[in-house]
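Student: Here's a structure for you.
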Amino acid sequence: MADDKDVLRDVWFGRIPACFTLSPEETTEREAEPYYLLLPRVSYLTLVTDKVKKHFLRVMKAEDVEEMWLEYEGTPLKWHYPIGVLFDLHASNTALPWNVTVHFKNFPEDDLLHCASNSVIEAHFMSCIKEADALKHKGQVINDMQKKDHKQLWMGLQNDKFDQFWAMNRKLMEYPTEEGGFRYIPFRIYQTMSDRPFIQKLFRPVSPEGHTLTLGDLLKELFPAAICAEGGWHQR
Amino acid sequence: MPSSLLWAVDVYGRVYSLSTSGQQWEHCRDAHLEFKRVAAVQQCCWSIACDHNIYLYVHASEVPIRYQEETYENQRWNPVDGFSDRLLPSDRWQWSDVTGLKHQPLVDFQLPSENWEWEADWYVDENFGGEPTEKGGWTYAIDFPATYTKDKKWNSCVRRRRWIRYRRYKAQDTWVKIPSEQTESLPDPFNDITCGGWEITEEPRGCLALWAVSLQGKVWVRCGINHHNPEGSVWEEVPVPGEVVQISCGPGDLVWAVLWEGHLLVREGIGRDCLKGSSWVTVESPSPGVGVVHVAVGVNVVWAVTKDHKVWFRRGVNSHNPCGSGWIGMVGEMVMINVGLNDQVWAIGFEDRAVYFRQGVTASELSGKAWKVVSVPRDSERSHSSASASSLQSAGCFFGGEVRLQSQASVLSDADPETERAGGEVVPTPEIGDAPKPRIPKVTSDSFISELVSDREGQISRRDVPPAGPSIPEEDHPEKELEDRASPAQVLSPSQSGGVDPQWSNVDLEEAQTHLTSGPGGDAAETSSLSSVATYNLALEEPYGPDEHPKWAWVTGGGCLVECHTQLNWFNTSISTALNSSMQAMSLSITPAQTAAWRKQIFEQLSERSKREMENFMHFEQAIEQSVWVKKGTMQWWRDWKPHKWVDVQFALEQFSGAEGNKDGILFIYYTFNDEKKYLHVFINEVTILVPVLNDSKHTFAIYTAERTKQRWPMRLAAATELEMHDWLALLSVSCCDSRGIQGPPSKQAIWSVTCKGDIFVSEPTKELEASPYPTPCDQMFWRQVGGHLRIIESNSLGVVWGIGYDHTAWVHTGGYGGFFQGLASSTDNIYTQTDVKCVYIYENQRWNPVTGYTNRGLPTDRYMWSDASGLKECTKNNTKPPSPNWTWVSDWTIDYAVPGGTDREGWQYAADFPASYHGNKTLKDFVRRRRWARKCKLTTTGPWQEVPPIPLSDITILPCGPKSTVEQVSLWAISNKGDILCRLGVTSLTPGGSSWLHVGTDQPFKSISIGAVHQVWAIAKDGSAFYRGSVSAQNPAGDCWYHIPSPTGQKLKQVSVGRTSVYTVDENGNLWYRHGVTPSYPQGSSWEHISNNVRKVSVGPLDQVWVIADKVQGSHSLSCGTVCRRLGVLPMEPKGHSWDYGIGGGWDHITVRGNAMEAPRILMPSLTDTQTATRPLQTNNQPEMNGNPVGC
C-alpha cells in the first residue's frame, strides 16, 4: 500500500473534531469558552494543542498554571499515543465532536509522561520510527538517512505536510521485491481492558509457506478476540 | 510478454506443447502419427514422424502467409492491329517474367504443394511505381527492354502490363506432410532434425535453416524456407567427414553435429549469403573415451551430453569462434538437451525422463544455476489416471497421487543423506546388478561453483533433492508404492534388470523402456507380491502406471521465449518444499483482482470514516496552520548566457497554499555571478513540462514555462545522481500537478505526445484550447509524464489509447497513470512492466587509395573512421554506449544491410566523397565507402500499458468520435511491420484491446493509415502512393476495395491523418498537403494543396483541428526541431486554417489530438487575426541550434 497515494492521503488527512473545555476544577478569572479544533489523526495531542493552551491561558492567572494535560471522561490522555489511537481507544462510540477536558493542575504523574517541549515529542516520534525500521529493515534505512532527512520526516508531521513527509517515509516503506515484504511488521495492539497497555510481538508478513499475510492473519494469531468482538486496535 | 510454446514428445511418440502461461501439457491431438523428433521455432514446428516423413506445423496467424505471383503480358504495335500479342521473332515471350527472359504463361503457375490455395483469379496491376495507370494497367516503351512510362506516346511501340495473383498457405495449426519431391535422391529416411538460423538474415526475408540427418549419417539442409515459403523448396546434401547421428542448429550461425564415434563437428562459414556454411571442424569429446551422444546449440552456447549421461557446457562459443574454447562439466544426468530462445536450456533427465529447465541462464551467466523439473500435468492425465486408478483399486491398491506424493516426500526428507551418499559412491554405475542409485540432478539453487565441485567428486550430493521426481525408487519404500513400478519391470524384461547401458544414439520408446526396466532392478522382484500379478494386464497396456509422471523422449524450446527473470508457473504444481522459492507461492496467494477489490474496500471505509468524522465539522479550525515548506538542494544549472556551461547552483522549492486552496510553489535557483549572489525563480503554476534528459554523463532535466517555450530555451538542471534527479522530478511533478489541480488518470480527451527518446507526455485540453478565434496558445499547455516507452501513440475520445514501441510491439493503455519511477503520482493496479528494444547505429568509414585500396586511413580532413551518421562524432564499437543508463546491450555489433540506398555483400555503401549520397554498388567514381553497424539495446520500465500480442505493428489509427458519440465497436486499423493492413475487431471503450485481427488484403505493403470520423480510411503504401478504402462502415469494418489516389507531383507520401472531414498528408520531403474536394459523395477528393514545409508528422482531430510536429521552429533564443504546432484559424468553412501556433519542443516525435472532441463555444467576432500569414510557411531558420533541443533527436 506504500505506493497507493489515494489511500495514504486519506489516512494522512483523517481529522477528528474535538471540543476542548476547561476543567471546572480550574480557577479562572472569567468563564472559559470551549475551543473547537480539527485534530489530525496521525499527530500527537501536545503537538497540536498550542492554540488550546493559549486560549485558556487568557482566562487564567499565571500562578494557577502548571503543565497542561488532557482528559476524556476521567481517563488522562497519553500524549505519546497518536491522536487517532486515543480517539478510537477511548471515544470511538462517542457523539462528535470529541469532548476533551483541559487541566492545568494535578498532573497525573502515574499515568502520563511529561512533555516539556516539542523536542520531547520529536524524540519520541523518531524513536518509534527507528524501532519500526529496526523491525522492517534491521534499521538500515533509517540509519542511512541523513540528519536533514530525519528532520524532514519530523517537520512533515509537525507541519502536516503530506508530500514532505512521504518524500522521506517512502524510503522507509520500500522493500526488495524478491523479499516480498518487511522482515517483521512493526505493530502495536493497544488495549484498554488490560494491565498491559499494548501487545507487541515479532510478526513476519510472509508465512513459512510463502503466503503474504494480512492484518487479519496477524490479529487471528495474536489477538483473536479482535476478530469477533470489536476491540480497540490500531496498526501503525 | 505473449505466451509461447515448449514442445515435447513422450516415450510413446505423442506430441505435447506447454505454454509459458499455461500449467499443463496440451496433447497435440491433430497428430495422428507418433513422432520421433520435433524441432520448434516461434512460427512453426518441424518433426519426424514414425513413418519417417517430415511434418510441419505452422501456427495460425491473423496475418496470412501469402505470396504474390506475377507475370508480364507483352504487346507490340503494328499498323494493322494496333497493339497486339503478335511480337517480333526477336522479341521476348508474349508472357514473361519482368526481365523478359523467362516464358511465363498464366497456366504455368502451379501451387507448390497441396497446402496452398489461390486467393482469387489473376488480375491486372494498375499501380505503376506508386502512380495509378490508365485502365488496363498498360505501360509503354519504345522497345523491349526499355524504360516504361504510364503514358502512351507517339513513339510507344511496345507495351506491357503486370498480372498478379495471390496464393495463400492454408495448412495452419495442423501437421502437414512435407512432400518429398526427390525421394530418389534421399535413399534413407531422416533420423534427426533441427531448425534455426533466423537471426542470420534480417526480418523481411525471415529465412530459416532446417538441417536433417539421415539414418545413414548423411546431413541434408532444406533450402528456401522463408516467411513466404514455410515449407521450403529442396533438400541439399552437405558432405560430412563421417557418420552424423545428431545435429543442432542455433538461432544464429552455430551448427554442431555429433559423429557416430562421439566426436563433434562444427560448421564454419555460415553467413547471410551462405546459410549452408562451407566447412566442418572437428571438436573432441569432452571426456576421453566417452563419446558425445547429443549436442544442442544456441546463440552463444553449446551444451553436450556424453554417453555416460553427463552434461557439458562449452565455454567461449560465439559467432566469431564457433568452436569455443573448453568444456565445463555440469551437474545432472540427462539423455538429451535442447537450447531455446535467449539461450535457455531444456533437458530430459536420464533417471526420471522428466523435462528439466535450466534455471538462472542469463546473458552474463550462460551456464545457468540449477536444473528444475517441469512438473505440470498433461491435459489427458485426469481422465486417464482416474480410469486407471479405479482399475488399480479393484486390484487391491488404493493409493492416489496425493497420498503417494506426500508419503514419498516424508520418506525423502527422512532419508539419511549420509547413507544415501555412501550408497551412491559404492554403486556408481548400474552394472553391479544392484538397484541403481537414483541420480537426480540437483534442482535447488546451487551455484556454478558448487556444481563444478560436485561434478569433480564424481557424484551428486542428494542432500537437498526435493521430492520432485516421484519415480525415485527408494529401498525403504512402502511395498505397495513400488509394486506398480516393479511389476512391469519384472514382467517385461527381468533379464535386463541392471547392467544394460542404454542406447545412446537415439532416444525413443524402446530405449526408455530399457532404461526403466533397468531401473528398480532385482530387489523390486522381491517386493513385488501378488498384487503385481494383479496389475500385469494393466502394466502391459500402460507400462508406467497411472501414478507415474510422464516419461519424455524429446523436448524442443526453439519456440519458447523465456526472459531471464520471468517467473514460470511450471514448477508450482510440485510439492512445495521449504527450499522452493517462497515468491511463487506468494505471487499466487493474492491475485491482482483481490488486491483491487481490497483496495476499493479500504478506500471506501476510509471515505466513510472521513465523512462520518469530518463532514459536519469542516468549519472547525485546523489544528496545524499551513505554512511554507522549503526543500533545498544543490544542482548544476546550464547557464542561460554565453559561454554556456554547467554551473553549481543552490536549488530550492518553496511550497505554500495557493489562493483557491490549491498548493502552489516557487522554484528558486541561487547562483553566483561575478562574486555577486543572484537568483532566478519560476512559479510552479507556470511550469508547463518537466522533461527528464538522461544521458551517460549527466542526470539532467529540463523545465519549460510558456515563456521558455517561446524562447526555445528551457531551464536545464543536472542532479548529482539519478536517484536525486528522480526525487526532485517526483516532487516537482507532484507539485506542478497539485498547483493545477490535476490528478488521477488522463481523461478521454487527453492529448498524447511522445518525444524522440520514447518518453510519453499527456496534456488535458481545456474547452478554450480549440476556441476560435482566440484559442489558448499551445505553449501554455501543461504536460505530465506517463510511464512507458513508445514510438507512436494514438487515441480517440472514447478513451481507447494504443501505442507502438520501437520494437514494433503493440501496447494498449490500461487506463492507469504514473509508473516510470518511484515517487511519481501513480495508479497501483494497472501499471505493468514494459520493455522496448531499439538499435544503436554507428558507421565504419573508409577511403580508397591507389596502393592499398579501401583502408581505414582517411584524409586528415575526413571524418572519423568510426562515426555517427553525420560523421561529426567519433563512435567506435567500444566507446559507444547505450542511449541512457536505462538501456542495456542485448546483442553484439552486427553489420546492418537494411540501409536506405542498398549495400554490397559486405554491407558497404559507396560514394564519391563524404558526405554524399551513398549507393550499394561500387563504381569508378567512388573514393569512399561506409557501412552501418547495429547493436540492439533493451529498456525495461513500467507504465500503464499492456502488450497486444502477437503481431508487430508499424502504424495504428483509431476512429475519432464526436463529443457525444456512442459508438459500440470502435474501428481500429493498423499496419503490421511487414506492411499488411489489419483491422482490429472487438474494440470498445470497455475492451480497448479488442479481440482479434482481421487481415485486409492489399497488393503492396503499407506504412501509414488513418481513419476519419465517418469511417473514411486512407492509407499510404511503402512506395509513397495514397489509397482510399471504399465502403468502410460500422457494419462493414473492413470495407471492400482500394482506390489509388495520385500523390502530389513528384512527391512520395509518408503519413496520412484524417479528421472529421479533412485529409492531410506529409511527404518524405516534409511537406504538408491538404486534400481538396473531399465531399460525402466523392470522399476521394480531387487534388492536393500545399500547406507548409518542415512538417514531420500530422494529426487531425475529430474537430478537424490540425496539429503537427514541425522541424526548425525558431524561438527568440534558439531553434528547435520536433516541435508541437497547431494550425490556427481552422473553421468548418476554412479547414486549412491560416497560420501556426507553436507549442512544446524540440525533440518531439509524435502527437495525437484525436481524443480531443471538446467543442469550444464559438465566439462570432470579426476576424482580427493577422492577415499577413495567409499561407505563411513555418518559420524556418538554418542557424545551428544551441539549446532548443535538449531532448535531442
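Naming works like this for the C-alpha cells: A, B, ... for the chains as they're shown, residue 1 at the start of each chain, ligands 1 onward in shown order.
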Enumerate as a list in words all residues of range 85-167 of chain A assigned to strand (DSSP E or B) by DSSP on the backbone, naming them with the chain letters and numbers the document uses.

Tutor: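 Strand (DSSP E or B) assignments inside range 85-167 of chain A correspond to Trp98, Asn99, Val100, Thr101, Val102 and His103 of chain A.
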
Student: Could those selected residues go to a file with N, CA, C and O atoms, as a compact mmCIF listing (two decimals), in the first residue's frame?

Tutor:
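Printed below is selection-v2.txt as written:
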```txt
# COMPACT_ATOMS: atom_id res chain seq x y z
N TRP A 98 -15.58 15.35 19.85
CA TRP A 98 -14.97 14.64 20.97
C TRP A 98 -14.74 15.66 22.09
O TRP A 98 -14.03 16.65 21.90
N ASN A 99 -15.35 15.40 23.23
CA ASN A 99 -15.22 16.37 24.32
C ASN A 99 -14.02 16.06 25.18
O ASN A 99 -13.99 15.05 25.88
N VAL A 100 -13.05 16.91 25.12
CA VAL A 100 -11.81 16.71 25.86
C VAL A 100 -11.72 17.79 26.93
O VAL A 100 -11.99 18.96 26.68
N THR A 101 -11.38 17.34 28.14
CA THR A 101 -11.27 18.28 29.25
C THR A 101 -9.81 18.70 29.43
O THR A 101 -8.91 17.84 29.36
N VAL A 102 -9.63 19.98 29.64
CA VAL A 102 -8.27 20.53 29.75
C VAL A 102 -7.96 20.82 31.21
O VAL A 102 -8.78 21.42 31.92
N HIS A 103 -6.81 20.35 31.67
CA HIS A 103 -6.38 20.58 33.05
C HIS A 103 -5.07 21.32 33.06
O HIS A 103 -4.24 21.14 32.17
```

Student: Tell me which of B:Gly986, B:Pro132, B:Gly316, B:Gly819 sits closest to chain A, counting only C-alpha atoms.

Tutor: B:Gly819

Student: Would you list the contacts of range 371-374 of chain B as a PyMOL selection string, taking every protein, DNA or RNA residue within 6 Å and counting only C-alpha atoms, but skipping same-chain residues closer than 6 positions in sequence?

Tutor: chain B and resi 355-359+443+570-571

Student: What's the 8 Å shell around range 6-21 of chain A, counting only C-alpha atoms, without same-chain residues fewer than 6 positions away, as a ChimeraX atom specification?

Tutor: /A:32-42,52,84,96-102,162 /B:602-603,606-607,610,613-614,617,620

Student: Go through range 46-135 of chain A and collect every residue that DSSP, computed from the backbone, puts in helix (DSSP H, G or I); the answer should be as JSON, numbers by chain.

Tutor: {"A": [46, 47, 48, 50, 51, 52, 53, 54, 55, 56, 57, 62, 63, 64, 83, 84, 85, 86, 87, 88, 89, 90, 91, 118, 119, 120, 121, 122, 123, 124, 125, 126, 127, 128, 129, 130, 131, 132, 133, 134, 135]}

Student: Produce a file of the selected residues containing N, CA and C atoms, as a compact mmCIF listing (two decimals), in the first residue's frame.

Tutor:
```txt
# COMPACT_ATOMS: atom_id res chain seq x y z
N THR A 46 -0.10 16.90 22.20
CA THR A 46 0.62 18.07 22.68
C THR A 46 1.26 18.86 21.54
N LEU A 47 1.33 18.23 20.38
CA LEU A 47 1.92 18.92 19.23
C LEU A 47 0.93 19.86 18.57
N VAL A 48 -0.36 19.61 18.78
CA VAL A 48 -1.37 20.37 18.03
C VAL A 48 -2.29 21.17 18.94
N ASP A 50 -1.33 23.77 21.01
CA ASP A 50 -0.81 25.08 21.42
C ASP A 50 -1.91 26.13 21.48
N LYS A 51 -2.76 26.06 20.46
CA LYS A 51 -3.85 27.04 20.37
C LYS A 51 -4.81 26.90 21.55
N VAL A 52 -5.06 25.67 21.93
CA VAL A 52 -5.96 25.41 23.06
C VAL A 52 -5.37 26.02 24.32
N LYS A 53 -4.07 25.76 24.46
CA LYS A 53 -3.40 26.27 25.65
C LYS A 53 -3.49 27.79 25.72
N LYS A 54 -3.16 28.41 24.59
CA LYS A 54 -3.20 29.88 24.55
C LYS A 54 -4.60 30.39 24.87
N HIS A 55 -5.60 29.71 24.32
CA HIS A 55 -6.98 30.12 24.50
C HIS A 55 -7.35 30.16 25.99
N PHE A 56 -6.97 29.09 26.71
CA PHE A 56 -7.39 29.03 28.12
C PHE A 56 -6.50 29.87 29.02
N LEU A 57 -5.27 30.06 28.59
CA LEU A 57 -4.37 30.86 29.45
C LEU A 57 -4.87 32.29 29.58
N ALA A 62 -1.44 33.37 35.91
CA ALA A 62 -0.19 32.67 35.64
C ALA A 62 0.19 31.74 36.78
N GLU A 63 -0.13 32.16 38.03
CA GLU A 63 0.31 31.31 39.15
C GLU A 63 -0.52 30.04 39.26
N ASP A 64 -1.70 29.99 38.62
CA ASP A 64 -2.52 28.78 38.68
C ASP A 64 -2.15 27.76 37.60
N ILE A 83 -3.11 10.60 18.03
CA ILE A 83 -4.43 11.10 18.36
C ILE A 83 -5.51 10.12 17.92
N GLY A 84 -5.34 9.57 16.71
CA GLY A 84 -6.32 8.61 16.20
C GLY A 84 -6.46 7.41 17.13
N VAL A 85 -5.33 6.94 17.67
CA VAL A 85 -5.37 5.80 18.59
C VAL A 85 -6.15 6.17 19.85
N LEU A 86 -5.84 7.34 20.38
CA LEU A 86 -6.53 7.78 21.60
C LEU A 86 -8.04 7.83 21.39
N PHE A 87 -8.40 8.39 20.26
CA PHE A 87 -9.83 8.55 20.00
C PHE A 87 -10.51 7.19 19.83
N ASP A 88 -9.89 6.33 19.00
CA ASP A 88 -10.50 5.02 18.76
C ASP A 88 -10.53 4.17 20.02
N LEU A 89 -9.49 4.38 20.83
CA LEU A 89 -9.36 3.58 22.03
C LEU A 89 -10.41 3.96 23.09
N HIS A 90 -10.58 5.26 23.27
CA HIS A 90 -11.41 5.71 24.40
C HIS A 90 -12.76 6.25 23.98
N ALA A 91 -12.87 6.72 22.78
CA ALA A 91 -14.06 7.52 22.47
C ALA A 91 -14.69 7.15 21.14
N ASN A 118 8.33 20.53 22.36
CA ASN A 118 8.15 19.72 21.16
C ASN A 118 9.31 18.78 20.91
N SER A 119 10.47 19.13 21.46
CA SER A 119 11.62 18.25 21.22
C SER A 119 11.43 16.90 21.90
N VAL A 120 10.64 16.88 22.98
CA VAL A 120 10.34 15.60 23.62
C VAL A 120 9.48 14.74 22.68
N ILE A 121 8.50 15.39 22.04
CA ILE A 121 7.65 14.65 21.10
C ILE A 121 8.49 14.16 19.93
N GLU A 122 9.37 15.03 19.46
CA GLU A 122 10.21 14.65 18.32
C GLU A 122 11.06 13.44 18.68
N ALA A 123 11.64 13.47 19.87
CA ALA A 123 12.48 12.35 20.29
C ALA A 123 11.66 11.06 20.35
N HIS A 124 10.44 11.19 20.89
CA HIS A 124 9.58 10.02 20.98
C HIS A 124 9.22 9.51 19.59
N PHE A 125 8.85 10.44 18.71
CA PHE A 125 8.45 10.07 17.36
C PHE A 125 9.61 9.39 16.61
N MET A 126 10.79 9.99 16.72
CA MET A 126 11.93 9.41 16.00
C MET A 126 12.29 8.04 16.56
N SER A 127 12.12 7.89 17.86
CA SER A 127 12.46 6.57 18.40
C SER A 127 11.46 5.52 17.91
N CYS A 128 10.20 5.93 17.74
CA CYS A 128 9.21 4.99 17.19
C CYS A 128 9.58 4.62 15.75
N ILE A 129 9.95 5.63 14.97
CA ILE A 129 10.33 5.39 13.58
C ILE A 129 11.52 4.43 13.52
N LYS A 130 12.50 4.67 14.41
CA LYS A 130 13.70 3.84 14.42
C LYS A 130 13.36 2.41 14.84
N GLU A 131 12.51 2.32 15.82
CA GLU A 131 12.12 0.99 16.29
C GLU A 131 11.42 0.22 15.16
N ALA A 132 10.54 0.94 14.47
CA ALA A 132 9.83 0.29 13.36
C ALA A 132 10.80 -0.13 12.27
N ASP A 133 11.75 0.73 11.97
CA ASP A 133 12.68 0.39 10.90
C ASP A 133 13.61 -0.75 11.30
N ALA A 134 13.90 -0.81 12.60
CA ALA A 134 14.71 -1.94 13.06
C ALA A 134 13.98 -3.25 12.76
N LEU A 135 12.68 -3.24 12.91
CA LEU A 135 11.91 -4.44 12.61
C LEU A 135 11.78 -4.67 11.12
```

Student: Using only C-alpha atoms, which residue out of B:His27, B:Lys663, B:His699, B:His919 lies closest to chain A?

Tutor: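 Checking each of B:His27, B:Lys663, B:His699, B:His919 against chain A, counting only C-alpha atoms, the winner is B:Lys663.
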